[in-house]
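Here the structure is laid out as structure tokens; the discussion comes afterwards.
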Amino acid sequence: MLTFPMLSWAGVNKENTVDDERNRYNVTGFVIDKDNQPLAGATVQLLRSNHSSLTNAQGAFKVARVIEGSYVMEIRYLGFTTLRKEIEVNSDVDFGKMLLLEDEFMLLQSTVVTERDHLFRNVPGTVRITNKEELNRLQPLSGNEVLRRMPGINPVDEDGVGLRLNIGIRGLDPDRSRNVLVLEDGVPIALNPYGEPEMYYSPSIDRMEGVEVIKGSGQILYGPQTLGGVVNFITADPPQEETYKLRVQAGDGGFRSIYAQYGNTFEKTGMQISYLRKEAEALGPLNFALDDVNAKFRIPINERSVLGIKISAYNEQSNATYLGMTQRMFDMGGDDYRVLAPNDHLSVTRFAGSVNHRYNASKNLIIHSTFFANQTTRDWRRQDFAYNQHDENGNIAPENYTQRWGDTSVVGGAIYMFDRTGNRNRTFQVAGWEQKLQWKYNTGDLVSHDLQVGYRYMFERAFEQRINGSSAVAKSGELVNDEIRTGHAFSAYILDRVKIGDKLEVSPGIRIENYTFEREVLRQRSVDTLITANNNIFAIIPGVGASYSLIDELNFYGGVHRGYAPPRVKDALDFTFENPVLELDAELSWNYEFGVRTQLTRGLRADAALFLLDFANQIIPASESAGDAFGVVNAGATVNRGIEASVNLNTRDAFKTNWLMLLDGQMTYLHAVFNNDRMVNGERVRGNRLPYAPEWILSTAATVEAPFGTGVRLTYSYMGEQFTDEANTVTPTANGQFGLMEAIQLIDLTVYHHIPKWNTRFNMAIKNITDERYIATRRPRGITMGLPRMITAGFDIQF
């Protein structure tokens, strides 16, 4: 049972209380760039206090009701050097125009959204950014909690702490996030981004400064996947001065998380090193421990160029399993968090590095170069099992089983465990080189261009073995399968953001992708062999987006682009004994969206977008994620259409209140269906909903934050009912793998207290307050339950 120290309210300094009767004044001003243009959305904060503000469309800010005294005012804006100024507040003070200079040494490779005014007026697509302040209020256990707060996204929990992300965007299948381009600091992190884009490694949300999601035509700059969207996890850059950070969390199930970070800048060379230890003994059925070490260096070479280096090492050990409950076990209860396969063990190790170079050739011409490489080893020992069968005499119990779960009175309702194992051992290697030129120029008084031209080469290789062990804990034994998969990819792109006057921006672009891949099977089903097949896929990916600002506070945007994703090599080239070589096509679609972003009044923002993903060919995984059988086909046409909307209210900005209240709501309506006459088990699937594509997704939050630093956040999430197969099976199968998943409703609570004088924040979070019992997923082999009510608490300090 957890015990937490109580805060002594009597010890809170009187200057931080609401009853303080000393004089209060307003601090105002305007934030501009060197061209005298306003910077909208800049953060203005009085350090070591709870006073802050954001600039509006005209660059104006107002920090209201500031207690008389001495402060350090800090102004931050992405891409610009941070401005700090010592100020005295003893009356209302207006600083007039305050100039921010562009950060000549910023490595733009780390972000995907570089234009960040409060309405993202220069971004021709749907954008959502979660910053560090929001992460502090949310206190997420996993990245899924952050993504669940963004419209259009369906994150499927598998383990509760986000060790393996399963992200579905706008109705695309969430399994292992295969249809989403996931980046960390702008660099792809999937196992093999082209040939096997599964997320067996996922960035730990504990060390993130923010999360970006971009959908629409702007994503053609990235690739290879341009189907649903880009998710970019952002880590902290080296600080300008010596900084220590420590964050400690603990919770139910033996959950513990310790994050330590040190950073400094020596002359102009910046460095930052961080270490994360995260573990749990019984988080539901999960037992895990991970260590995550990262280092970042920023090295100015001269006044025009800067070098960035990032290295990381990750090690995870867990009892993760593919085996879930049968439907009968779920119905009877009592087994929700039972460890069904106690000898299953997953080991994930990853080493990664990247080198970024930015060269400012001139005021308007920048050349970015990036080299990146990583190696991920994923060894998974999984105990063999079988579902029960019946004959005319009733249940058939297999020989030599060691344990049984479930109900034997129903075929498929029970699971028999065996004293043998299958080790699925895989190693993935990736290396890539990318160069991008960014040129800003004018073609007349009213027309300006922001041209981005680039290319990328990527090499990837996968080594896969299956080794059958003679006991449930064996790591070695008979080599059953052995193969090597190799890919070479080249892509090139050009995107020109053409600004016409002050209101219209048009962004035409095109990307080409050429992917050559080979599969070599050295051993198959315990028989030595040498079978080789290869293929080449070439794609042209055009897109165009536009944004139009009718007034400063009203922005319309829209776009169309080609959706593309290469097929997984293992599925694209299948030559098992039963099948001839089968070559799958790439996934192709036309993606459309139209939206509006507006600031209805100061502090009240809203946005909405209509979208359509029209697939000429979507590759549907008919086999389970486990990959035990080949079942991936060119499934043909599907249509995903819907609407996303959100609204956000900040009362401190809107009404200049001393107390802060944040209210927000996100909504997604989705109609994602098969659009051809393909037959499945003798039935047409045309008109059926796609698996794991709920019609309704809702999220809302209410935050109240007192001027003395105490805040309360209540979050509500709703995920509509979901089908789990192409046939839209309603009645669950006995083994639990298919059947309708009921709607999910979750309520979370966070309480925190910030002590500015010590730069310390205490927090407590209750996840799933109502202790809702719900099915998180039926994949890959049965029912996985969502986490029960969970309490965590901790603190973070910076000095």
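Note on naming: chains are A, B, ... as they come in the structure tokens, residues start from 1 per chain, ligands start from 1 in the order shown.
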| request: Just the strand (DSSP E or B) stuff from stretch 734-780 of chain A, please, per backbone DSSP, written as a list in words. | output: Met741, Ile744, Gln745, Leu746, Ile747, Asp748, Leu749, Thr750, Val751, Tyr752, His753, His754, Ile755, Thr760, Arg761, Phe762, Asn763, Met764, Ala765, Ile766, Lys767, Ile775, Ala776 and Thr777 of chain A
Selected residues written out with N, CA and C atoms, as a short mmCIF file (atom, residue, chain, number, x, y, z; two decimals), in the first residue's frame:
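Contents of the output file selection_7.cif:
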```cif
data_model
loop_
_atom_site.label_atom_id
_atom_site.label_comp_id
_atom_site.auth_asym_id
_atom_site.auth_seq_id
_atom_site.Cartn_x
_atom_site.Cartn_y
_atom_site.Cartn_z
N MET A 741 -16.12 -5.43 -29.48
CA MET A 741 -15.59 -4.83 -28.26
C MET A 741 -16.49 -3.69 -27.85
N ILE A 744 -15.61 2.01 -24.40
CA ILE A 744 -14.75 2.20 -23.23
C ILE A 744 -14.90 3.63 -22.73
N GLN A 745 -15.09 3.79 -21.43
CA GLN A 745 -15.13 5.11 -20.81
C GLN A 745 -14.14 5.14 -19.65
N LEU A 746 -13.22 6.10 -19.69
CA LEU A 746 -12.19 6.20 -18.66
C LEU A 746 -12.17 7.61 -18.08
N ILE A 747 -12.00 7.69 -16.76
CA ILE A 747 -11.88 8.96 -16.07
C ILE A 747 -10.59 8.93 -15.26
N ASP A 748 -9.75 9.94 -15.45
CA ASP A 748 -8.49 10.05 -14.73
C ASP A 748 -8.47 11.37 -13.95
N LEU A 749 -7.75 11.37 -12.83
CA LEU A 749 -7.62 12.56 -12.00
C LEU A 749 -6.16 12.80 -11.69
N THR A 750 -5.73 14.07 -11.82
CA THR A 750 -4.37 14.46 -11.44
C THR A 750 -4.45 15.66 -10.51
N VAL A 751 -3.68 15.61 -9.43
CA VAL A 751 -3.56 16.73 -8.50
C VAL A 751 -2.07 17.07 -8.41
N TYR A 752 -1.74 18.35 -8.49
CA TYR A 752 -0.33 18.74 -8.44
C TYR A 752 -0.18 20.06 -7.68
N HIS A 753 1.02 20.28 -7.20
CA HIS A 753 1.33 21.53 -6.51
C HIS A 753 2.72 21.97 -6.92
N HIS A 754 2.82 23.19 -7.41
CA HIS A 754 4.08 23.74 -7.90
C HIS A 754 4.61 24.77 -6.91
N ILE A 755 5.87 24.61 -6.51
CA ILE A 755 6.53 25.55 -5.61
C ILE A 755 7.60 26.27 -6.43
N THR A 760 10.02 23.07 -7.91
CA THR A 760 9.61 21.71 -7.57
C THR A 760 8.12 21.55 -7.78
N ARG A 761 7.74 20.37 -8.26
CA ARG A 761 6.33 20.06 -8.48
C ARG A 761 6.03 18.69 -7.88
N PHE A 762 5.00 18.64 -7.03
CA PHE A 762 4.52 17.38 -6.48
C PHE A 762 3.24 16.99 -7.23
N ASN A 763 3.02 15.69 -7.40
CA ASN A 763 1.85 15.26 -8.15
C ASN A 763 1.32 13.95 -7.62
N MET A 764 0.03 13.75 -7.82
CA MET A 764 -0.62 12.46 -7.58
C MET A 764 -1.65 12.25 -8.68
N ALA A 765 -1.69 11.05 -9.24
CA ALA A 765 -2.62 10.74 -10.32
C ALA A 765 -3.38 9.46 -10.01
N ILE A 766 -4.65 9.47 -10.33
CA ILE A 766 -5.49 8.27 -10.22
C ILE A 766 -5.98 7.95 -11.62
N LYS A 767 -5.53 6.85 -12.16
CA LYS A 767 -5.94 6.41 -13.49
C LYS A 767 -7.15 5.47 -13.35
N ILE A 775 -12.19 -4.46 -22.06
CA ILE A 775 -11.27 -5.15 -22.97
C ILE A 775 -10.49 -4.10 -23.74
N ALA A 776 -9.16 -4.13 -23.61
CA ALA A 776 -8.32 -3.19 -24.35
C ALA A 776 -8.13 -3.64 -25.78
N THR A 777 -7.97 -4.96 -26.00
CA THR A 777 -7.79 -5.50 -27.34
C THR A 777 -8.04 -7.01 -27.31
#
```
Quick one: which stretch 481-526 of chain A residues come within 12 Å of stretch 463-471 of chain A, and what is the nearest atom pair for each with the distance in Å to one decimal, counting only C-alpha atoms, rows ordered by chain and ascending number, as a tab-separated table?
```
residue	atom	partner	partner_atom	distance
A:Asn481	CA	A:Arg466	CA	5.0
A:Asp482	CA	A:Gln465	CA	4.5
A:Glu483	CA	A:Glu464	CA	5.4
A:Ile484	CA	A:Phe463	CA	4.8
A:Arg485	CA	A:Phe463	CA	6.7
A:Thr486	CA	A:Phe463	CA	9.0
A:Arg519	CA	A:Phe463	CA	10.3
A:Glu520	CA	A:Phe463	CA	9.9
A:Val521	CA	A:Glu464	CA	9.6
A:Leu522	CA	A:Gln465	CA	9.8
A:Arg523	CA	A:Gln465	CA	8.9
A:Gln524	CA	A:Arg466	CA	9.4
A:Arg525	CA	A:Arg466	CA	9.3
A:Ser526	CA	A:Ile467	CA	9.6
```
| request: Would you mind telling me which residue in A:Leu100, A:Val156, A:Leu588, A:Leu504 lies nearest to A:Ile540 when using only C-alpha atoms? | output: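 Answer, going by the shortest atom-to-atom distance: A:Leu588.
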| Top pick for closest residue to A:Lys132, considering A:Ala313, A:Val498, A:Ile234, A:Ala64 and counting only C-alpha atoms |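 Using only C-alpha atoms, A:Lys132 sits closest to A:Ile234.
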| field | Spatial neighbours of stretch 722-737 of chain A, max dist 6 Å, only C-alpha atoms, sep filter under 4 positions, as a ChimeraX atom specification | value | /A:326-327,412-413,691-692,694,741,778,781-783
| request: For each of A:Val44, A:Ser204, A:Met98, A:Phe799, take the minimum atom-to-atom distance to A:Val146, counting only C-alpha atoms, then give the residue where this is smallest. | output: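 Smallest distance to A:Val146 is found for A:Ser204.
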